[in-house]
Amino acid sequence: MIGRAIMEMIEVNGNDTRRINHALKVLGFARAIAGCEGVTGETLDVTLLAAALHDISIRYCEEKYGACGGKLQEKEGPAIARPILERCGASPFVTERVLYIIAHHHTYTDIDSLDYQIIVEADFL
């Protein structure tokens with residue numbers, strides 16, 4: 001599942017290696033933090049998928065708005081990520097949780113769970 005999401009993230013980003021590398025870096029940090037925290041099962045799936053797809057809307061935002069600020073990414077990201085998650089075979093729970101995190105990953109108040117916290121921390125690193 002995560003391998004397919006990575007490949008789709010790469011396809012969306014085209015030749016933008018900086019953005020691809022950032023997503024892979026966040027994924028690596030998220031995987032390491034999740035491992036240290038003992039995260040497993042669906043929570044691990046959510047964490048890894050959200051890490052890989054958290055910035056999936058940047059290119060779209062740049063084309064549509066001429067900017068890619070965090071709030072624009074949060075607004076546009078879920079619509080781009082949903083079909084990717086469906087093609088990857090994510091469960092409805094995992095899909096909705098990943099979309100929630102994508103829609104809030106630049107919002108640092110009201111972090112409600114470990115998966116969300118890991119994405120924020122991995123993105124800061």
# chains A, B, ... in the order shown; residues from 1 in each chain; ligands from 1

$ residues_around --residues "region 103-109 of chain A" --least-positions-apart "2" --cutoff "6 Å" --atoms "only C-alpha atoms" --output "list in words"
Gly70, Glu74, Tyr100, Ile101 and Ile111 of chain A

$ write_last_selection --atoms "N, CA and C atoms" --output "PDB file, in the first residue's frame"
ATOM      1  N   GLY A  70       0.608  26.871   3.475  1.00  0.00           N
ATOM      2  CA  GLY A  70       0.071  25.760   4.242  1.00  0.00           C
ATOM      3  C   GLY A  70      -1.434  25.648   4.227  1.00  0.00           C
ATOM      4  N   GLU A  74      -3.689  22.551   2.846  1.00  0.00           N
ATOM      5  CA  GLU A  74      -4.699  21.881   3.662  1.00  0.00           C
ATOM      6  C   GLU A  74      -6.050  21.867   2.950  1.00  0.00           C
ATOM      7  N   TYR A 100      -7.814  13.703   6.976  1.00  0.00           N
ATOM      8  CA  TYR A 100      -7.894  14.659   8.093  1.00  0.00           C
ATOM      9  C   TYR A 100      -6.517  15.243   8.393  1.00  0.00           C
ATOM     10  N   ILE A 101      -5.519  14.383   8.450  1.00  0.00           N
ATOM     11  CA  ILE A 101      -4.164  14.861   8.756  1.00  0.00           C
ATOM     12  C   ILE A 101      -3.657  15.775   7.644  1.00  0.00           C
ATOM     13  N   ILE A 111      -3.735  19.157  18.163  1.00  0.00           N
ATOM     14  CA  ILE A 111      -3.227  17.873  17.675  1.00  0.00           C
ATOM     15  C   ILE A 111      -3.871  16.798  18.537  1.00  0.00           C
TER      16      ILE A 111
END

$ closest_atom_pairs --of "region 82-120 of chain A" --to "region 44-62 of chain A" --cutoff "7 Å" --atoms "only C-alpha atoms" --output "CSV"
residue,atom,partner,partner_atom,distance
A:Val94,CA,A:Val46,CA,5.6
A:Arg97,CA,A:Val46,CA,6.6
A:Val98,CA,A:Ala50,CA,5.1
A:Ile101,CA,A:Ala50,CA,6.6
A:Ile102,CA,A:His54,CA,5.1
A:Asp115,CA,A:Thr47,CA,5.2
A:Ile119,CA,A:Ala51,CA,6.0

$ write_last_selection --atoms "all heavy atoms" --output "mmCIF file, in the first residue's frame"
data_model
loop_
_atom_site.group_PDB
_atom_site.id
_atom_site.type_symbol
_atom_site.label_atom_id
_atom_site.label_comp_id
_atom_site.auth_asym_id
_atom_site.auth_seq_id
_atom_site.Cartn_x
_atom_site.Cartn_y
_atom_site.Cartn_z
ATOM 1 N N VAL A 94 -8.724 4.350 7.411
ATOM 2 C CA VAL A 94 -7.391 4.866 7.111
ATOM 3 C C VAL A 94 -7.495 6.055 6.155
ATOM 4 O O VAL A 94 -6.859 7.088 6.361
ATOM 5 C CB VAL A 94 -6.474 3.758 6.553
ATOM 6 C CG1 VAL A 94 -5.181 4.334 5.989
ATOM 7 C CG2 VAL A 94 -6.171 2.726 7.641
ATOM 8 N N ARG A 97 -8.793 9.186 7.962
ATOM 9 C CA ARG A 97 -7.822 9.708 8.927
ATOM 10 C C ARG A 97 -6.658 10.384 8.202
ATOM 11 O O ARG A 97 -6.202 11.462 8.608
ATOM 12 C CB ARG A 97 -7.323 8.581 9.839
ATOM 13 C CG ARG A 97 -6.432 9.045 10.938
ATOM 14 C CD ARG A 97 -7.170 9.937 11.912
ATOM 15 N NE ARG A 97 -6.189 10.531 12.821
ATOM 16 C CZ ARG A 97 -6.375 11.632 13.511
ATOM 17 N NH1 ARG A 97 -7.526 12.271 13.443
ATOM 18 N NH2 ARG A 97 -5.440 12.101 14.290
ATOM 19 N N VAL A 98 -6.161 9.787 7.137
ATOM 20 C CA VAL A 98 -5.081 10.397 6.353
ATOM 21 C C VAL A 98 -5.555 11.733 5.791
ATOM 22 O O VAL A 98 -4.829 12.730 5.850
ATOM 23 C CB VAL A 98 -4.597 9.455 5.231
ATOM 24 C CG1 VAL A 98 -3.657 10.183 4.278
ATOM 25 C CG2 VAL A 98 -3.921 8.222 5.811
ATOM 26 N N ILE A 101 -5.519 14.383 8.450
ATOM 27 C CA ILE A 101 -4.164 14.861 8.756
ATOM 28 C C ILE A 101 -3.657 15.775 7.644
ATOM 29 O O ILE A 101 -3.083 16.835 7.918
ATOM 30 C CB ILE A 101 -3.218 13.681 9.033
ATOM 31 C CG1 ILE A 101 -3.627 12.972 10.336
ATOM 32 C CG2 ILE A 101 -1.762 14.156 9.101
ATOM 33 C CD1 ILE A 101 -2.917 11.670 10.596
ATOM 34 N N ILE A 102 -3.869 15.393 6.401
ATOM 35 C CA ILE A 102 -3.455 16.253 5.285
ATOM 36 C C ILE A 102 -4.145 17.614 5.396
ATOM 37 O O ILE A 102 -3.520 18.655 5.169
ATOM 38 C CB ILE A 102 -3.744 15.576 3.935
ATOM 39 C CG1 ILE A 102 -2.817 14.377 3.736
ATOM 40 C CG2 ILE A 102 -3.594 16.579 2.788
ATOM 41 C CD1 ILE A 102 -3.170 13.511 2.539
ATOM 42 N N ASP A 115 -0.628 9.793 15.540
ATOM 43 C CA ASP A 115 -0.333 9.826 14.106
ATOM 44 C C ASP A 115 -0.167 11.258 13.611
ATOM 45 O O ASP A 115 0.788 11.579 12.897
ATOM 46 C CB ASP A 115 -1.383 9.050 13.293
ATOM 47 C CG ASP A 115 -2.828 9.402 13.589
ATOM 48 O OD1 ASP A 115 -3.105 10.399 14.301
ATOM 49 O OD2 ASP A 115 -3.706 8.670 13.090
ATOM 50 N N ILE A 119 3.391 13.234 12.221
ATOM 51 C CA ILE A 119 3.501 13.931 10.934
ATOM 52 C C ILE A 119 4.010 15.347 11.136
ATOM 53 O O ILE A 119 4.903 15.812 10.425
ATOM 54 C CB ILE A 119 2.152 13.928 10.176
ATOM 55 C CG1 ILE A 119 1.735 12.513 9.835
ATOM 56 C CG2 ILE A 119 2.237 14.802 8.912
ATOM 57 C CD1 ILE A 119 2.767 11.680 9.100
#

$ select_by_dssp --residues "chain A" --states "alpha helix (DSSP H)" --output "PyMOL selection string"
chain A and resi 2-13+17-37+41-53+58-65+70-88+92-102+114-124

$ closest_residue --among "A:Cys36, A:Thr43, A:Glu96, A:Lys25" --to "Ala81 (chain A)" --atoms "only C-alpha atoms"
A:Glu96

$ closest_residue --among "A:Ile6, A:Ala30, A:Pro78, A:Ile84" --to "Tyr116 (chain A)" --atoms "only C-alpha atoms"
A:Ala30

$ residues_around --residues "Arg82 (chain A)" --least-positions-apart "3" --cutoff "8 Å" --atoms "only C-alpha atoms" --output "JSON, numbers by chain"
{"A": [78, 79, 85, 86, 95, 99]}

$ atom_distance --atom1 "CA of Ile33 (chain A)" --atom2 "CA of Ile118 (chain A)"
6.7 Å

$ atom_distance --atom1 "CA of Cys88 (chain A)" --atom2 "CA of Arg4 (chain A)"
6.0 Å

$ closest_residue --among "A:Pro83, A:Val120, A:Phe93, A:Asp112" --to "Phe29 (chain A)" --atoms "only C-alpha atoms"
A:Val120
